[in-house]
$ cat upload.cif   # mmCIF, C-alpha atoms and all ligand atoms
data_work
loop_
_atom_site.label_atom_id
_atom_site.label_comp_id
_atom_site.auth_asym_id
_atom_site.auth_seq_id
_atom_site.Cartn_x
_atom_site.Cartn_y
_atom_site.Cartn_z
CA MET A 18 80.60 -45.60 133.84
CA LYS A 19 78.15 -46.91 131.24
CA ILE A 20 77.19 -45.05 128.09
CA ILE A 21 73.65 -46.05 127.21
CA ASN A 22 72.15 -45.91 123.72
CA SER A 23 68.54 -44.73 123.29
CA GLN A 24 67.64 -43.95 126.88
CA SER A 25 64.08 -42.81 127.65
CA LEU A 26 64.14 -39.53 129.61
CA LEU A 27 60.68 -40.13 131.12
CA ASN A 28 62.06 -40.50 134.64
CA TYR A 29 64.62 -37.73 134.22
CA ASN A 30 62.35 -34.74 133.70
CA SER A 31 59.66 -33.48 136.05
CA PHE A 32 57.29 -32.71 133.15
CA LYS A 33 57.32 -36.48 132.52
CA ILE A 34 57.92 -36.16 128.80
CA ASP A 35 58.79 -39.46 127.15
CA ALA A 36 61.60 -38.36 124.83
CA ILE A 37 64.68 -40.37 123.90
CA ALA A 38 68.33 -39.41 124.40
CA ASN A 39 70.52 -40.87 121.69
CA LEU A 40 73.34 -41.35 124.22
CA PHE A 41 73.10 -41.11 128.00
CA ALA A 42 75.60 -41.32 130.85
CA ILE A 43 75.42 -40.82 134.59
CA VAL A 44 78.49 -39.10 136.11
CA LYS A 45 79.25 -39.51 139.82
CA ASN A 46 82.59 -37.71 140.07
CA LYS A 47 85.05 -35.57 138.13
CA LYS A 48 86.86 -38.60 136.76
CA ASP A 49 83.65 -39.83 135.08
CA ILE A 50 83.32 -36.47 133.37
CA LEU A 51 86.94 -36.38 132.22
CA ASP A 52 86.63 -39.96 130.91
CA LEU A 53 83.54 -39.00 128.94
CA LEU A 54 85.14 -35.90 127.49
CA SER A 55 88.23 -37.81 126.38
CA ASN A 56 86.20 -40.62 124.77
CA GLN A 57 87.00 -40.33 121.05
CA LYS A 58 83.62 -41.75 120.00
CA ILE A 59 81.55 -39.13 121.74
CA ASN A 60 83.67 -36.09 122.48
CA LYS A 61 82.49 -34.29 119.33
CA LYS A 62 78.78 -34.92 119.97
CA PRO A 63 76.55 -32.12 121.27
CA LYS A 64 76.12 -32.41 125.02
CA LEU A 65 73.24 -31.64 127.30
CA ILE A 66 73.73 -31.54 131.07
CA LEU A 67 70.80 -32.77 133.06
CA GLY A 68 70.41 -32.23 136.80
CA GLY A 69 66.99 -32.83 138.35
CA GLY A 70 65.27 -32.08 135.01
CA SER A 71 62.78 -29.87 136.84
CA ASN A 72 63.14 -26.73 134.74
CA ILE A 73 63.06 -28.11 131.21
CA LEU A 74 60.45 -28.93 128.60
CA ILE A 75 61.72 -31.51 126.11
CA THR A 76 59.96 -31.07 122.76
CA LYS A 77 61.98 -33.56 120.70
CA ASN A 78 64.36 -36.48 121.02
CA ILE A 79 67.89 -35.44 121.98
CA SER A 80 70.36 -36.36 119.28
CA GLY A 81 73.65 -35.97 121.21
CA LEU A 82 74.83 -37.07 124.64
CA VAL A 83 72.84 -36.38 127.80
CA ILE A 84 75.05 -36.24 130.91
CA HIS A 85 73.11 -36.78 134.12
CA ASN A 86 74.98 -35.18 137.00
CA LYS A 87 74.95 -37.25 140.20
CA ILE A 88 78.01 -35.81 141.93
CA LYS A 89 77.21 -36.01 145.66
CA GLY A 90 78.59 -34.73 148.94
CA ILE A 91 77.83 -32.00 151.48
CA LYS A 92 80.79 -30.77 153.52
CA ILE A 93 81.44 -27.87 155.88
CA ILE A 94 84.82 -26.59 154.71
CA GLN A 95 85.26 -23.51 156.87
CA GLU A 96 83.41 -22.00 159.80
CA ASP A 97 83.56 -19.37 162.49
CA LYS A 98 81.11 -18.17 165.14
CA GLU A 99 78.87 -16.40 162.65
CA SER A 100 78.85 -18.47 159.50
CA ALA A 101 79.84 -21.63 157.68
CA MET A 102 81.04 -22.26 154.15
CA ILE A 103 79.53 -25.41 152.67
CA GLN A 104 80.75 -27.29 149.64
CA VAL A 105 77.96 -29.18 147.89
CA GLY A 106 78.16 -31.68 145.03
CA ALA A 107 76.21 -30.42 142.03
CA GLY A 108 74.23 -33.65 141.80
CA GLU A 109 72.79 -33.36 145.31
CA ASN A 110 69.05 -32.79 145.43
CA TRP A 111 68.48 -29.12 146.31
CA ASP A 112 65.80 -29.77 148.92
CA ASP A 113 67.87 -32.49 150.62
CA PHE A 114 70.55 -29.83 151.04
CA VAL A 115 68.04 -27.34 152.47
CA LYS A 116 66.85 -30.01 154.91
CA TRP A 117 70.46 -30.73 155.92
CA SER A 118 71.02 -27.00 156.49
CA THR A 119 68.04 -26.59 158.81
CA GLN A 120 68.94 -29.78 160.69
CA HIS A 121 72.33 -28.18 161.30
CA LYS A 122 70.52 -25.02 162.51
CA PHE A 123 71.97 -22.90 159.71
CA TYR A 124 70.11 -19.91 158.26
CA GLY A 125 69.92 -18.62 154.70
CA ILE A 126 68.17 -21.11 152.43
CA GLU A 127 65.15 -22.23 154.47
CA ASN A 128 62.88 -20.00 152.32
CA LEU A 129 64.07 -22.03 149.32
CA SER A 130 62.64 -25.27 150.74
CA LEU A 131 60.97 -27.78 148.44
CA ILE A 132 62.24 -26.23 145.21
CA PRO A 133 62.70 -29.23 142.96
CA GLY A 134 65.95 -29.83 141.10
CA SER A 135 69.63 -30.26 141.81
CA VAL A 136 72.20 -28.07 143.55
CA GLY A 137 74.11 -27.66 140.28
CA ALA A 138 71.03 -26.31 138.53
CA ALA A 139 70.35 -23.76 141.27
CA PRO A 140 72.90 -21.15 140.10
CA ILE A 141 71.99 -21.62 136.42
CA GLN A 142 68.66 -19.96 136.93
CA ASN A 143 69.39 -18.27 140.25
CA ILE A 144 66.50 -20.08 141.94
CA GLY A 145 64.34 -17.95 144.17
CA ALA A 146 61.27 -18.04 146.37
CA TYR A 147 59.70 -16.18 149.28
CA GLY A 148 62.07 -13.22 149.22
CA VAL A 149 65.35 -15.15 148.89
CA GLU A 150 67.46 -15.91 145.84
CA LEU A 151 70.40 -18.27 145.49
CA LYS A 152 72.70 -15.31 144.82
CA ASP A 153 72.12 -14.14 148.43
CA VAL A 154 74.11 -17.11 149.78
CA PHE A 155 76.25 -18.06 146.79
CA ILE A 156 80.04 -17.72 147.02
CA LYS A 157 81.50 -19.57 144.01
CA LEU A 158 81.21 -22.70 141.92
CA GLU A 159 83.53 -25.16 140.25
CA ALA A 160 82.83 -26.35 136.71
CA ILE A 161 84.52 -28.30 133.94
CA ASN A 162 84.82 -26.81 130.49
CA LEU A 163 83.17 -29.25 128.05
CA THR A 164 85.50 -28.26 125.22
CA ASN A 165 88.95 -28.44 126.83
CA SER A 166 88.18 -30.41 130.06
CA GLU A 167 89.72 -27.69 132.24
CA THR A 168 88.41 -27.04 135.73
CA GLN A 169 87.36 -23.45 136.29
CA ILE A 170 86.14 -21.46 139.30
CA PHE A 171 83.35 -18.92 138.87
CA ASN A 172 82.96 -16.34 141.59
CA LYS A 173 79.65 -14.62 142.22
CA SER A 174 80.43 -11.66 139.96
CA ASP A 175 81.38 -14.03 137.08
CA CYS A 176 77.91 -15.58 137.20
CA LEU A 177 76.02 -12.35 136.34
CA PHE A 178 73.01 -13.28 138.45
CA SER A 179 69.69 -11.53 138.01
CA TYR A 180 66.02 -12.55 138.30
CA ARG A 181 65.97 -16.25 137.22
CA GLU A 182 69.06 -15.57 135.08
CA SER A 183 72.81 -16.14 135.04
CA ALA A 184 75.67 -16.29 132.55
CA PHE A 185 75.05 -20.07 132.40
CA LYS A 186 71.74 -19.41 130.63
CA LYS A 187 73.34 -16.96 128.21
CA GLN A 188 76.96 -16.64 127.03
CA LEU A 189 78.12 -19.75 128.95
CA LYS A 190 75.10 -21.87 127.98
CA ASN A 191 75.97 -25.58 127.48
CA LYS A 192 79.70 -24.83 127.77
CA PHE A 193 80.33 -26.15 131.30
CA ILE A 194 79.28 -28.89 133.67
CA ILE A 195 79.02 -27.63 137.23
CA THR A 196 80.68 -29.98 139.72
CA LYS A 197 80.56 -28.16 143.10
CA VAL A 198 78.74 -25.17 144.54
CA PHE A 199 80.00 -23.21 147.56
CA ILE A 200 77.40 -21.61 149.79
CA LYS A 201 77.77 -19.46 152.90
CA LEU A 202 75.15 -19.93 155.59
CA LYS A 203 74.61 -18.07 158.84
CA LYS A 204 74.95 -19.72 162.23
CA THR A 205 73.24 -16.84 163.95
CA LYS A 206 69.49 -16.42 163.64
CA LYS A 207 68.46 -14.38 160.60
CA ILE A 208 64.96 -14.82 159.27
CA ASN A 209 63.64 -13.30 156.05
CA LEU A 210 59.93 -12.53 156.27
CA ASN A 211 59.81 -9.95 153.48
CA TYR A 212 57.44 -11.97 151.32
CA HIS A 213 53.88 -10.90 152.19
CA ILE A 214 52.35 -14.41 151.96
CA LEU A 215 54.93 -15.83 154.37
CA LYS A 216 54.52 -12.96 156.83
CA GLU A 217 50.72 -13.34 156.78
CA LYS A 218 50.88 -17.10 157.30
CA ILE A 219 53.10 -16.67 160.37
CA LYS A 220 50.76 -14.02 161.74
CA GLN A 221 47.77 -16.30 161.15
CA LEU A 222 49.46 -19.17 162.97
CA GLY A 223 50.36 -16.81 165.82
CA LEU A 224 53.94 -18.09 165.84
CA LYS A 225 56.44 -16.25 168.01
CA LYS A 226 59.42 -18.60 168.28
CA LEU A 227 60.82 -19.09 164.81
CA ASP A 228 63.92 -20.87 163.62
CA SER A 229 65.04 -22.08 160.20
CA GLN A 230 63.44 -25.48 160.76
CA LYS A 231 60.06 -23.91 161.52
CA ILE A 232 60.29 -21.57 158.50
CA ARG A 233 61.07 -24.61 156.36
CA GLU A 234 57.93 -26.35 157.64
CA ILE A 235 55.78 -23.30 156.88
CA ILE A 236 57.23 -22.87 153.38
CA ILE A 237 56.56 -26.55 152.68
CA GLU A 238 52.98 -26.10 153.82
CA ILE A 239 52.46 -23.01 151.63
CA ARG A 240 54.03 -24.65 148.58
CA ASN A 241 52.07 -27.88 149.01
CA SER A 242 48.83 -25.93 149.24
CA LYS A 243 49.23 -24.35 145.81
CA LEU A 244 51.90 -26.10 143.76
CA PRO A 245 51.46 -29.59 142.29
CA ASN A 246 53.78 -32.35 143.45
CA PRO A 247 55.87 -33.26 140.38
CA LYS A 248 55.91 -36.89 141.55
CA LYS A 249 52.15 -36.96 141.01
CA ILE A 250 51.49 -34.41 138.24
CA GLY A 251 54.09 -33.60 135.60
CA ASN A 252 55.12 -29.93 135.80
CA ALA A 253 58.15 -27.66 136.03
CA GLY A 254 57.04 -25.05 138.54
CA SER A 255 56.43 -21.54 137.23
CA PHE A 256 56.39 -21.82 133.47
CA PHE A 257 56.82 -18.08 132.85
CA LYS A 258 58.79 -15.37 134.64
CA ASN A 259 56.91 -12.55 136.28
CA PRO A 260 57.17 -9.71 133.77
CA ILE A 261 59.09 -6.56 134.64
CA ILE A 262 57.28 -3.42 133.53
CA ASN A 263 57.96 0.31 133.82
CA GLN A 264 56.07 2.92 135.83
CA GLU A 265 54.10 4.19 132.79
CA GLN A 266 52.95 0.67 131.91
CA LEU A 267 51.86 0.14 135.50
CA ILE A 268 49.84 3.37 135.52
CA GLU A 269 48.16 2.37 132.24
CA LEU A 270 47.30 -1.08 133.60
CA GLN A 271 46.00 0.38 136.88
CA LYS A 272 43.59 2.62 134.96
CA LYS A 273 41.89 -0.46 133.54
CA TYR A 274 42.55 -2.85 136.43
CA PRO A 275 42.88 -0.90 139.69
CA GLU A 276 43.21 -4.16 141.61
CA ILE A 277 46.28 -5.42 139.72
CA PRO A 278 48.89 -6.75 142.17
CA PHE A 279 52.51 -5.66 141.74
CA PHE A 280 55.84 -5.88 143.57
CA LYS A 281 58.16 -2.91 143.64
CA LYS A 282 61.83 -3.27 144.58
CA GLU A 283 64.45 -1.89 142.21
CA LYS A 284 62.07 -2.83 139.40
CA ILE A 285 58.31 -3.30 139.10
CA LYS A 286 57.16 -6.89 138.65
CA ILE A 287 53.62 -8.07 138.16
CA PRO A 288 52.51 -11.66 138.77
CA ALA A 289 52.23 -13.50 135.45
CA ALA A 290 49.75 -15.78 137.26
CA TRP A 291 47.36 -12.83 137.69
CA LEU A 292 47.47 -11.98 133.98
CA ILE A 293 46.90 -15.61 133.02
CA GLU A 294 44.09 -16.08 135.52
CA LYS A 295 42.41 -12.88 134.33
CA LEU A 296 42.17 -14.50 130.89
CA ASN A 297 40.47 -17.56 132.36
CA TRP A 298 43.27 -20.01 131.70
CA LYS A 299 43.45 -21.21 135.31
CA GLY A 300 42.19 -24.81 135.43
CA TYR A 301 42.03 -24.98 131.62
CA GLN A 302 42.30 -28.57 130.40
CA GLU A 303 43.14 -30.14 127.08
CA GLU A 304 43.22 -33.89 126.65
CA SER A 305 46.82 -34.26 127.75
CA CYS A 306 47.90 -30.99 129.34
CA GLY A 307 46.54 -27.86 130.94
CA VAL A 308 46.94 -25.09 133.51
CA TYR A 309 46.97 -26.13 137.18
CA GLU A 310 43.67 -25.36 138.93
CA LYS A 311 45.32 -23.88 142.06
CA HIS A 312 48.01 -21.78 140.35
CA ALA A 313 47.79 -20.18 136.93
CA LEU A 314 51.57 -20.05 136.38
CA ILE A 315 51.94 -23.83 136.35
CA LEU A 316 51.44 -25.82 133.17
CA ILE A 317 50.75 -29.49 133.79
CA ASN A 318 51.07 -32.77 131.95
CA HIS A 319 48.09 -34.72 133.24
CA ASN A 320 47.88 -37.40 130.56
CA LYS A 321 50.99 -38.36 128.59
CA ALA A 322 51.41 -35.01 126.88
CA THR A 323 54.21 -34.50 124.41
CA GLY A 324 56.57 -31.58 124.95
CA GLN A 325 55.22 -30.06 121.75
CA GLU A 326 51.65 -30.08 123.10
CA ILE A 327 52.74 -28.22 126.22
CA ALA A 328 54.84 -25.81 124.14
CA ASN A 329 51.77 -25.11 121.99
CA LEU A 330 49.64 -24.42 125.05
CA SER A 331 52.33 -22.05 126.31
CA LYS A 332 52.34 -20.22 122.96
CA ASN A 333 48.56 -19.81 123.11
CA ILE A 334 48.76 -18.39 126.65
CA LYS A 335 51.56 -16.00 125.65
CA HIS A 336 49.59 -14.87 122.64
CA SER A 337 46.44 -14.14 124.62
CA VAL A 338 48.37 -12.25 127.34
CA TYR A 339 50.04 -10.15 124.65
CA GLU A 340 46.75 -9.41 122.88
CA LYS A 341 44.99 -8.34 126.07
CA PHE A 342 47.75 -6.65 128.09
CA ASN A 343 50.44 -5.85 125.51
CA ILE A 344 52.94 -7.77 127.69
CA THR A 345 55.25 -10.45 126.33
CA LEU A 346 55.67 -13.29 128.81
CA GLU A 347 59.08 -14.90 128.88
CA GLU A 348 59.48 -18.61 129.66
CA GLU A 349 61.27 -19.47 132.88
CA VAL A 350 61.47 -23.09 131.80
CA CYS A 351 64.16 -24.05 129.24
CA ILE A 352 62.53 -25.38 126.10
CA LEU A 353 64.63 -28.00 124.32
N1 LIG B 401 48.21 -15.10 141.61
C1 LIG B 401 47.06 -15.11 140.84
N2 LIG B 401 46.57 -16.32 140.44
C2 LIG B 401 47.15 -17.51 140.77
C3 LIG B 401 48.30 -17.48 141.56
C4 LIG B 401 48.82 -16.27 141.97
O1 LIG B 401 46.50 -14.08 140.51
O2 LIG B 401 46.66 -18.54 140.33
C5 LIG B 401 48.76 -13.80 142.00
C6 LIG B 401 48.34 -13.36 143.40
O3 LIG B 401 48.16 -11.97 143.37
C7 LIG B 401 49.55 -13.70 144.26
C8 LIG B 401 50.67 -13.43 143.30
O4 LIG B 401 50.18 -13.87 142.02
O5 LIG B 401 49.63 -12.88 145.38
C9 LIG B 401 51.96 -14.14 143.63
O6 LIG B 401 51.74 -15.54 143.70
P1 LIG B 401 52.79 -16.52 144.38
O7 LIG B 401 53.12 -16.07 145.74
O8 LIG B 401 52.29 -17.91 144.22
O9 LIG B 401 54.10 -16.30 143.54
P2 LIG B 401 54.42 -16.18 141.99
O10 LIG B 401 54.83 -14.79 141.69
O11 LIG B 401 53.38 -16.78 141.13
C10 LIG B 401 56.98 -16.61 142.34
C11 LIG B 401 58.02 -17.54 141.79
C12 LIG B 401 57.86 -18.92 142.42
C13 LIG B 401 58.02 -18.79 143.92
C14 LIG B 401 56.97 -17.80 144.44
C15 LIG B 401 57.14 -17.49 145.91
C16 LIG B 401 58.48 -16.73 139.56
C17 LIG B 401 58.29 -16.94 138.10
N3 LIG B 401 57.88 -17.62 140.35
O12 LIG B 401 55.72 -17.12 141.90
O13 LIG B 401 58.89 -19.75 141.93
O14 LIG B 401 57.86 -20.03 144.56
O15 LIG B 401 57.09 -16.54 143.74
O16 LIG B 401 58.27 -16.70 146.08
O17 LIG B 401 59.15 -15.78 139.97
C18 LIG B 401 59.47 -21.28 140.24
O18 LIG B 401 60.37 -20.49 139.95
O19 LIG B 401 59.30 -22.36 139.61
C19 LIG B 401 58.58 -20.95 141.33
C20 LIG B 401 57.56 -21.74 141.69
#

$ encode --input "upload.cif" --output "C-alpha cells"
Amino acid sequence: MKIINSQSLLNYNSFKIDAIANLFAIVKNKKDILDLLSNQKINKKPKLILGGGSNILITKNISGLVIHNKIKGIKIIQEDKESAMIQVGAGENWDDFVKWSTQHKFYGIENLSLIPGSVGAAPIQNIGAYGVELKDVFIKLEAINLTNSETQIFNKSDCLFSYRESAFKKQLKNKFIITKVFIKLKKTKKINLNYHILKEKIKQLGLKKLDSQKIREIIIEIRNSKLPNPKKIGNAGSFFKNPIINQEQLIELQKKYPEIPFFKKEKIKIPAAWLIEKLNWKGYQEESCGVYEKHALILINHNKATGQEIANLSKNIKHSVYEKFNITLEEEVCIL
C-alpha cells in the first residue's frame, strides 16, 4: 500500500472541491489498515476516513492522513426461507450493493437506490429515502479502533441511530474505520410505499405487479428527475436536514402559510426545501456555486467553487431561513 504526499481530493469528493490531503492512502483490506496504524511515521497524525466522499464539504486542505476505504466484497453469510444476512465490505459502492440485492430478488433496500456513497458511510449518517432508513435493515458492523487497532463489533443499539444521525457522527466521530456492515434482507415480497411521491408515481404508471427490481427502477427515475447527477454537477445531495418542529410551531407557521407541507410520524418534520424555495433561493446562481434549479435543498458547484464559497452560500441561506421563519437549519453534509 502506497502512502501518497499531497494528493488532490478533486476526484474523491462529489462536491468536486479541489483541496489537498497532506498524506493519502487507499486501504483494500484489514491488513492495510493495521499496517497504516502501526507505521511510526504517521500513526500520531490526525486521520480522516473517506468513503465515497458524497456527504462532505471540504473547506480547507487536510493536514493529516486521509484514508480512502476500498474494502470490497458482498457475501451471503446466513439464510433461511424468509431472509438472508449479507456481509458487505465498507468500501463497496452503496448503489452497486442495492443493485446486487434486487438482482438477487431480495427486499429491504430498493427504496435506497441511487444514493451516492459507500456502504461504510451508510450507517454513519443512517442514510434514508422514500420511507426507508438504513437502520431498518441494519444488524451490526465491524470497525477498527484508530487509536489501539482493535477490531470491535457495534450492534444496532450501539449505533444510536436517528434521523441522519448515529454515534459515529457524535461521540465516536473519527475514532473508528468501518470495515464490514451486516444487513438483513427479506426473501419474501415486502414493499414499502409509505412515501407519498412514490405511491403517486406508481398509481400514475398504473403498475400492479411490483417487485424490488421494479421499485428500484421507479426510484431511479424519480431521483434522476429532480436530483443532479454528481458525475456531472458537483453536489452532496440534501445539504440541510429537514427541521423537526413542535406542534405549536407548526400551528404558528400554518397561520401565516396554510399551504406549508409537513410530515408527521413520531415527530413533525417540514421540508427544508420548501422553506428555502419560499425565500426564492431555488435556482439562485453565483459565479461558482448556487442552488439547484429543480430542488432547493441541493447546493451545487457549477464552476470550480471552493468549499468556502459553498459554505458561505449555506450560511446565507441558513440566515435568511432563520430571519423569516425563526427556524435554524442544520447541515446534513459534514463540513471539514
Ligand atoms: N419541496 C419544495 N421545493 C423543492 C423540493 C421539494 O418545496 O425544490 C418540498 C415539496 O413539498 C416536496 C417536499 O419538499 O413534497 C419533499 O421533497 P422530496 O420528496 O424531494 O424530499 P426532501 O424532504 O427534500 C428527503 C431526503 C432525501 C430523500 C428524499 C426522499 C433529507 C434531508 N432529505 O428530501 O435525501 O432522497 O427525502 O425520501 O431528509 C439526502 O439525504 O441527501 C437526500 C437526497

$ closest_residue --input "upload.cif" --among "A:Ile88, A:Leu353, A:Val149, A:Leu51" --to "ligand LIG 401 (chain B)" --atoms "all atoms listed in the file"
A:Val149

$ axis_aligned_box --input "upload.cif" --around "ligand LIG 401 (chain B)" --padding-each-side "6 Å" --output "AutoDock Vina command-line options"
--center_x 53.4 --center_y -17.2 --center_z 142.1 --size_x 25.9 --size_y 22.4 --size_z 20.0

$ residues_near_ligand --input "upload.cif" --ligand "ligand LIG 401 (chain B)" --cutoff "8 Å" --atoms "all atoms listed in the file" --output "JSON, numbers by chain"
{"A": [72, 132, 144, 145, 146, 147, 148, 149, 180, 181, 212, 214, 240, 243, 244, 253, 254, 255, 256, 257, 258, 259, 277, 278, 279, 287, 288, 289, 290, 291, 292, 293, 294, 295, 299, 310, 311, 312, 313, 314, 349]}

$ write_last_selection --input "upload.cif" --atoms "C-alpha atoms" --output "PDB file, in the coordinates of the input"
ATOM      1  CA  ASN A  72      63.140 -26.730 134.740  1.00  0.00           C
ATOM      2  CA  ILE A 132      62.240 -26.230 145.210  1.00  0.00           C
ATOM      3  CA  ILE A 144      66.500 -20.080 141.940  1.00  0.00           C
ATOM      4  CA  GLY A 145      64.340 -17.950 144.170  1.00  0.00           C
ATOM      5  CA  ALA A 146      61.270 -18.040 146.370  1.00  0.00           C
ATOM      6  CA  TYR A 147      59.700 -16.180 149.280  1.00  0.00           C
ATOM      7  CA  GLY A 148      62.070 -13.220 149.220  1.00  0.00           C
ATOM      8  CA  VAL A 149      65.350 -15.150 148.890  1.00  0.00           C
ATOM      9  CA  TYR A 180      66.020 -12.550 138.300  1.00  0.00           C
ATOM     10  CA  ARG A 181      65.970 -16.250 137.220  1.00  0.00           C
ATOM     11  CA  TYR A 212      57.440 -11.970 151.320  1.00  0.00           C
ATOM     12  CA  ILE A 214      52.350 -14.410 151.960  1.00  0.00           C
ATOM     13  CA  ARG A 240      54.030 -24.650 148.580  1.00  0.00           C
ATOM     14  CA  LYS A 243      49.230 -24.350 145.810  1.00  0.00           C
ATOM     15  CA  LEU A 244      51.900 -26.100 143.760  1.00  0.00           C
ATOM     16  CA  ALA A 253      58.150 -27.660 136.030  1.00  0.00           C
ATOM     17  CA  GLY A 254      57.040 -25.050 138.540  1.00  0.00           C
ATOM     18  CA  SER A 255      56.430 -21.540 137.230  1.00  0.00           C
ATOM     19  CA  PHE A 256      56.390 -21.820 133.470  1.00  0.00           C
ATOM     20  CA  PHE A 257      56.820 -18.080 132.850  1.00  0.00           C
ATOM     21  CA  LYS A 258      58.790 -15.370 134.640  1.00  0.00           C
ATOM     22  CA  ASN A 259      56.910 -12.550 136.280  1.00  0.00           C
ATOM     23  CA  ILE A 277      46.280  -5.420 139.720  1.00  0.00           C
ATOM     24  CA  PRO A 278      48.890  -6.750 142.170  1.00  0.00           C
ATOM     25  CA  PHE A 279      52.510  -5.660 141.740  1.00  0.00           C
ATOM     26  CA  ILE A 287      53.620  -8.070 138.160  1.00  0.00           C
ATOM     27  CA  PRO A 288      52.510 -11.660 138.770  1.00  0.00           C
ATOM     28  CA  ALA A 289      52.230 -13.500 135.450  1.00  0.00           C
ATOM     29  CA  ALA A 290      49.750 -15.780 137.260  1.00  0.00           C
ATOM     30  CA  TRP A 291      47.360 -12.830 137.690  1.00  0.00           C
ATOM     31  CA  LEU A 292      47.470 -11.980 133.980  1.00  0.00           C
ATOM     32  CA  ILE A 293      46.900 -15.610 133.020  1.00  0.00           C
ATOM     33  CA  GLU A 294      44.090 -16.080 135.520  1.00  0.00           C
ATOM     34  CA  LYS A 295      42.410 -12.880 134.330  1.00  0.00           C
ATOM     35  CA  LYS A 299      43.450 -21.210 135.310  1.00  0.00           C
ATOM     36  CA  GLU A 310      43.670 -25.360 138.930  1.00  0.00           C
ATOM     37  CA  LYS A 311      45.320 -23.880 142.060  1.00  0.00           C
ATOM     38  CA  HIS A 312      48.010 -21.780 140.350  1.00  0.00           C
ATOM     39  CA  ALA A 313      47.790 -20.180 136.930  1.00  0.00           C
ATOM     40  CA  LEU A 314      51.570 -20.050 136.380  1.00  0.00           C
ATOM     41  CA  GLU A 349      61.270 -19.470 132.880  1.00  0.00           C
TER      42      GLU A 349
END

$ closest_atom_pairs --input "upload.cif" --of "region 218-330 of chain A" --to "region 122-127 of chain A" --cutoff "10 Å" --atoms "all atoms listed in the file" --output "tab-separated table"
residue	atom	partner	partner_atom	distance
A:Asp228	CA	A:Lys122	CA	7.9
A:Ser229	CA	A:Glu127	CA	5.7
A:Gln230	CA	A:Glu127	CA	7.3
A:Lys231	CA	A:Glu127	CA	8.9
A:Ile232	CA	A:Glu127	CA	6.3
A:Arg233	CA	A:Glu127	CA	5.1
A:Glu234	CA	A:Glu127	CA	8.9
A:Ile235	CA	A:Glu127	CA	9.7
A:Ile236	CA	A:Glu127	CA	8.0
A:Ile237	CA	A:Glu127	CA	9.8

$ write_last_selection --input "upload.cif" --atoms "C-alpha atoms" --output "PDB file, in the coordinates of the input"
ATOM      1  CA  ASP A 228      63.920 -20.870 163.620  1.00  0.00           C
ATOM      2  CA  SER A 229      65.040 -22.080 160.200  1.00  0.00           C
ATOM      3  CA  GLN A 230      63.440 -25.480 160.760  1.00  0.00           C
ATOM      4  CA  LYS A 231      60.060 -23.910 161.520  1.00  0.00           C
ATOM      5  CA  ILE A 232      60.290 -21.570 158.500  1.00  0.00           C
ATOM      6  CA  ARG A 233      61.070 -24.610 156.360  1.00  0.00           C
ATOM      7  CA  GLU A 234      57.930 -26.350 157.640  1.00  0.00           C
ATOM      8  CA  ILE A 235      55.780 -23.300 156.880  1.00  0.00           C
ATOM      9  CA  ILE A 236      57.230 -22.870 153.380  1.00  0.00           C
ATOM     10  CA  ILE A 237      56.560 -26.550 152.680  1.00  0.00           C
TER      11      ILE A 237
END

$ closest_atom_pairs --input "upload.cif" --of "region 219-260 of chain A" --to "region 32-41 of chain A" --cutoff "8 Å" --atoms "only C-alpha atoms" --output "Markdown table"
| residue | atom | partner | partner_atom | distance |
| --- | --- | --- | --- | --- |
| A:Pro247 | CA | A:Phe32 | CA | 7.4 |
| A:Ile250 | CA | A:Phe32 | CA | 7.9 |
| A:Gly251 | CA | A:Phe32 | CA | 4.1 |
| A:Asn252 | CA | A:Phe32 | CA | 4.4 |
| A:Ala253 | CA | A:Phe32 | CA | 5.9 |

$ write_last_selection --input "upload.cif" --atoms "C-alpha atoms" --output "CSV table (one decimal), in the coordinates of the input"
chain,number,residue,atom,x,y,z
A,247,PRO,CA,55.9,-33.3,140.4
A,250,ILE,CA,51.5,-34.4,138.2
A,251,GLY,CA,54.1,-33.6,135.6
A,252,ASN,CA,55.1,-29.9,135.8
A,253,ALA,CA,58.2,-27.7,136.0

$ closest_residue --input "upload.cif" --among "A:Asn56, A:Asn110, A:Leu222, A:Leu82" --to "Ile21 (chain A)" --atoms "only C-alpha atoms"
A:Leu82

$ residues_around --input "upload.cif" --residues "region 188-191 of chain A" --least-positions-apart "4" --cutoff "10 Å" --atoms "all atoms listed in the file" --output "list of chain:residue names"
A:Pro63, A:Lys64, A:Leu65, A:Ile66, A:Ile141, A:Asn162, A:Leu163, A:Cys176, A:Ser183, A:Ala184

$ residues_around --input "upload.cif" --residues "Asn30 (chain A)" --least-positions-apart "6" --cutoff "8 Å" --atoms "all atoms listed in the file" --output "list in words"
Gly69, Gly70, Ser71, Ile73 and Leu74 of chain A

$ atom_distance --input "upload.cif" --atom1 "CA of Ile262 (chain A)" --atom2 "CA of Glu340 (chain A)"
16.1 Å

$ atom_distance --input "upload.cif" --atom1 "CA of Val154 (chain A)" --atom2 "CA of Leu202 (chain A)"
6.5 Å

$ closest_residue --input "upload.cif" --among "A:Val115, A:Leu224, A:Val350, A:Met102" --to "Ser31 (chain A)" --atoms "only C-alpha atoms"
A:Val350

$ atom_distance --input "upload.cif" --atom1 "CA of Gln142 (chain A)" --atom2 "CA of His213 (chain A)"
23.1 Å
